[in-house]
Amino acid sequence: MIIKPIIQGMVARSAHPHGCEQAVLDQIEFVKAAKPITDGPKRVLIIGASSGFGLASRIALSFGGCEADTIGISLERDPKAKGGASAGWYNNYYFKQQADIAGRLAINIDGDAFSSETRNKVIEAIETYFEGEVDLIIYSLATGARPNPETGELWRSAIKPIGQSINSNLISLEDDTWSDVILESANEEEEQATIKVMGGEDWESWIDTLINSESVAQGCQTIAFSYVGPEVTHPLYLDGTLGRAKIDLHQTSHSLNLKLANYSGGAYATVCKALVTKASVFIPGLTPYMIALYKVMKQKGLHEGCIQQMQRLYRDNLYSENHIPLDGERLLRIDDLELKPSVQTEVSKILSEMTEDNFKEIADYQGFKSEFLNLNGFNYETIDYDSPVNIDKFVTPSN
């Protein structure tokens, strides 16, 4: 079949396997050429491994210096589905292919990370392939819903402000249009549901499960990803439902840190830069900020994608020779370049001038959209998108 990009709103409905392969290869090439991670973990579990920070972490730790073996968990559409597999499925496939070539162990577990069945599979895989213990646990789930483990009913997140409605802007990736919207204030139920989905409860549940199964090695660390952002993003993000969930995540890192102290390890909420991921594009009001940020950081030579952020995280922070650098709230910050005053001054100026008529010209909308297309295997110059793709080759009895 010939595969073209299909975007509905902010969701890509198609993925190109050859482009996903190129994305994986490009990230591997970057970390191989970068200053290496030294004294890093050897047995890594990534919960949410198929894209964004999870995939970049897996690549950085396997190919960026410490030669880690990995177990990756994700729930993806396989190639038997109409239209082929999801981008995450292809990412997992090609990552494992490259890991096998390099002699690294790469176990892909396809399953719902919230289910006890998946957790049992992970514990079995740790016992089988990692001699029963992991050195690093990366929690990188990006989802809009989570089942209540007791009732099975779904909690659904709501990306809304709290306390008052706010005026905001949406940019549709489907048709490249700008719209002004009013975002209504969340009610108490929506706020609590968002905390349940995006807070730290499931992260802690995973760590408790692994501790109880005696799957945690001495010195084991765990991290989960967060975002804080500058003041201009706070009304919707930090002061909204997302911010409440992230505060819960940050607080969870403290309790997990106490638990892992028994193993001479630690737990850290890691605050990253604003980037194009499958999750971030859904946040209303964030896209105008991000396209302004991209323009400024690229002009200043400070721009980082997911792979650059993750290589720096593990090399210069989590596994550096010095103590792990934390701020006053025990957050591990790698959003330092984004929050430079010189960057934010110029971003604010662009935002003050941005309208529906000029956002494509005065900011880096094309770069932003290109990264979104890259997430799904499109917009790579080396790929002939008019050539048919043999999806059947991915459908094997092992799949």
# chains A, B, ... in the order shown; residues from 1 in each chain; ligands from 1
>>> residues_around(residues="range 91-99 of chain A", least_positions_apart="3", cutoff="10 Å", atoms="only C-alpha atoms", output="PyMOL selection string")
chain A and resi 17-25+28+49-51+55+58-59+62-63+67-70+72-74+76+86-88+102-110+375-377+394
>>> closest_atom_pairs(of="range 145-189 of chain A", to="range 340-362 of chain A", cutoff="10 Å", atoms="only C-alpha atoms", output="CSV")
residue,atom,partner,partner_atom,distance
A:Asn169,CA,A:Glu356,CA,9.1
A:Leu170,CA,A:Glu356,CA,9.8
A:Ile171,CA,A:Glu356,CA,8.9
A:Asp176,CA,A:Lys360,CA,8.8
A:Thr177,CA,A:Glu356,CA,7.5
A:Trp178,CA,A:Glu356,CA,5.2
A:Ser179,CA,A:Glu356,CA,7.3
A:Asp180,CA,A:Glu356,CA,8.8
>>> write_last_selection(atoms="all heavy atoms", output="PDB file, in the first residue's frame")
ATOM      1  N   ASN A 169      -5.720  29.942  22.483  1.00  0.00           N
ATOM      2  CA  ASN A 169      -5.650  29.767  21.036  1.00  0.00           C
ATOM      3  C   ASN A 169      -5.320  28.322  20.711  1.00  0.00           C
ATOM      4  O   ASN A 169      -4.545  27.673  21.410  1.00  0.00           O
ATOM      5  CB  ASN A 169      -4.573  30.667  20.416  1.00  0.00           C
ATOM      6  CG  ASN A 169      -4.633  32.083  20.919  1.00  0.00           C
ATOM      7  OD1 ASN A 169      -3.758  32.505  21.670  1.00  0.00           O
ATOM      8  ND2 ASN A 169      -5.669  32.818  20.531  1.00  0.00           N
ATOM      9  N   LEU A 170      -5.903  27.835  19.648  1.00  0.00           N
ATOM     10  CA  LEU A 170      -5.612  26.494  19.145  1.00  0.00           C
ATOM     11  C   LEU A 170      -5.071  26.604  17.723  1.00  0.00           C
ATOM     12  O   LEU A 170      -5.550  27.419  16.936  1.00  0.00           O
ATOM     13  CB  LEU A 170      -6.870  25.626  19.137  1.00  0.00           C
ATOM     14  CG  LEU A 170      -7.533  25.300  20.475  1.00  0.00           C
ATOM     15  CD1 LEU A 170      -8.807  24.516  20.231  1.00  0.00           C
ATOM     16  CD2 LEU A 170      -6.589  24.522  21.360  1.00  0.00           C
ATOM     17  N   ILE A 171      -4.078  25.789  17.406  1.00  0.00           N
ATOM     18  CA  ILE A 171      -3.588  25.690  16.038  1.00  0.00           C
ATOM     19  C   ILE A 171      -3.783  24.249  15.600  1.00  0.00           C
ATOM     20  O   ILE A 171      -3.238  23.325  16.210  1.00  0.00           O
ATOM     21  CB  ILE A 171      -2.106  26.096  15.921  1.00  0.00           C
ATOM     22  CG1 ILE A 171      -1.918  27.543  16.370  1.00  0.00           C
ATOM     23  CG2 ILE A 171      -1.620  25.927  14.493  1.00  0.00           C
ATOM     24  CD1 ILE A 171      -0.464  28.004  16.370  1.00  0.00           C
ATOM     25  N   ASP A 176      -3.781  23.502   9.455  1.00  0.00           N
ATOM     26  CA  ASP A 176      -2.882  24.646   9.687  1.00  0.00           C
ATOM     27  C   ASP A 176      -3.645  25.940   9.965  1.00  0.00           C
ATOM     28  O   ASP A 176      -3.265  27.019   9.489  1.00  0.00           O
ATOM     29  CB  ASP A 176      -1.944  24.845   8.477  1.00  0.00           C
ATOM     30  CG  ASP A 176      -1.175  23.600   8.123  1.00  0.00           C
ATOM     31  OD1 ASP A 176      -0.751  22.887   9.050  1.00  0.00           O
ATOM     32  OD2 ASP A 176      -0.994  23.315   6.921  1.00  0.00           O
ATOM     33  N   THR A 177      -4.705  25.841  10.742  1.00  0.00           N
ATOM     34  CA  THR A 177      -5.517  27.027  11.036  1.00  0.00           C
ATOM     35  C   THR A 177      -5.454  27.375  12.515  1.00  0.00           C
ATOM     36  O   THR A 177      -5.248  26.521  13.382  1.00  0.00           O
ATOM     37  CB  THR A 177      -6.984  26.803  10.631  1.00  0.00           C
ATOM     38  OG1 THR A 177      -7.490  25.651  11.315  1.00  0.00           O
ATOM     39  CG2 THR A 177      -7.103  26.621   9.138  1.00  0.00           C
ATOM     40  N   TRP A 178      -5.665  28.648  12.771  1.00  0.00           N
ATOM     41  CA  TRP A 178      -5.641  29.220  14.128  1.00  0.00           C
ATOM     42  C   TRP A 178      -7.077  29.508  14.540  1.00  0.00           C
ATOM     43  O   TRP A 178      -7.879  30.005  13.749  1.00  0.00           O
ATOM     44  CB  TRP A 178      -4.822  30.500  14.073  1.00  0.00           C
ATOM     45  CG  TRP A 178      -4.854  31.417  15.261  1.00  0.00           C
ATOM     46  CD1 TRP A 178      -5.918  32.123  15.740  1.00  0.00           C
ATOM     47  CD2 TRP A 178      -3.744  31.761  16.097  1.00  0.00           C
ATOM     48  NE1 TRP A 178      -5.543  32.882  16.816  1.00  0.00           N
ATOM     49  CE2 TRP A 178      -4.208  32.684  17.058  1.00  0.00           C
ATOM     50  CE3 TRP A 178      -2.403  31.400  16.120  1.00  0.00           C
ATOM     51  CZ2 TRP A 178      -3.386  33.236  18.034  1.00  0.00           C
ATOM     52  CZ3 TRP A 178      -1.581  31.942  17.086  1.00  0.00           C
ATOM     53  CH2 TRP A 178      -2.064  32.842  18.035  1.00  0.00           C
ATOM     54  N   SER A 179      -7.405  29.206  15.787  1.00  0.00           N
ATOM     55  CA  SER A 179      -8.735  29.557  16.292  1.00  0.00           C
ATOM     56  C   SER A 179      -8.632  30.061  17.718  1.00  0.00           C
ATOM     57  O   SER A 179      -7.784  29.604  18.498  1.00  0.00           O
ATOM     58  CB  SER A 179      -9.691  28.353  16.218  1.00  0.00           C
ATOM     59  OG  SER A 179      -9.180  27.259  16.953  1.00  0.00           O
ATOM     60  N   ASP A 180      -9.462  31.027  18.045  1.00  0.00           N
ATOM     61  CA  ASP A 180      -9.551  31.550  19.405  1.00  0.00           C
ATOM     62  C   ASP A 180     -10.609  30.758  20.156  1.00  0.00           C
ATOM     63  O   ASP A 180     -11.709  30.517  19.635  1.00  0.00           O
ATOM     64  CB  ASP A 180      -9.932  33.030  19.383  1.00  0.00           C
ATOM     65  CG  ASP A 180      -8.886  33.866  18.662  1.00  0.00           C
ATOM     66  OD1 ASP A 180      -7.687  33.605  18.853  1.00  0.00           O
ATOM     67  OD2 ASP A 180      -9.276  34.781  17.902  1.00  0.00           O
TER      68      ASP A 180
END
>>> closest_residue(among="A:Glu371, A:Asp384, A:Asp335, A:Glu190", to="Thr277 in chain A", atoms="only C-alpha atoms")
A:Glu371
>>> residues_around(residues="Asp392 in chain A", least_positions_apart="4", cutoff="10 Å", atoms="only C-alpha atoms", output="list in words")
Met1, Pro79, Lys80, Gly84 and Thr396 of chain A
>>> closest_residue(among="A:Val271, A:Ile391, A:Ile291, A:Ala60", to="Glu29 in chain A", atoms="only C-alpha atoms")
A:Ala60
>>> residues_around(residues="Glu188 in chain A", least_positions_apart="5", cutoff="12 Å", atoms="only C-alpha atoms", output="number ranges by chain")
A: 157-158, 160-163, 193-195, 240-241, 244
>>> closest_residue(among="A:Ala292, A:Ala274, A:Ala85, A:Ile324", to="Gln309 in chain A", atoms="only C-alpha atoms")
A:Ala274
>>> closest_residue(among="A:Ile159, A:Lys298, A:Ala113, A:Gly265", to="Pro147 in chain A", atoms="only C-alpha atoms")
A:Ala113
>>> closest_residue(among="A:Ser14, A:Asn390, A:Gln221, A:Ser168", to="Ala261 in chain A", atoms="only C-alpha atoms")
A:Gln221
>>> closest_residue(among="A:Val31, A:Leu249, A:Leu275, A:Leu331", to="Glu304 in chain A", atoms="only C-alpha atoms")
A:Leu275
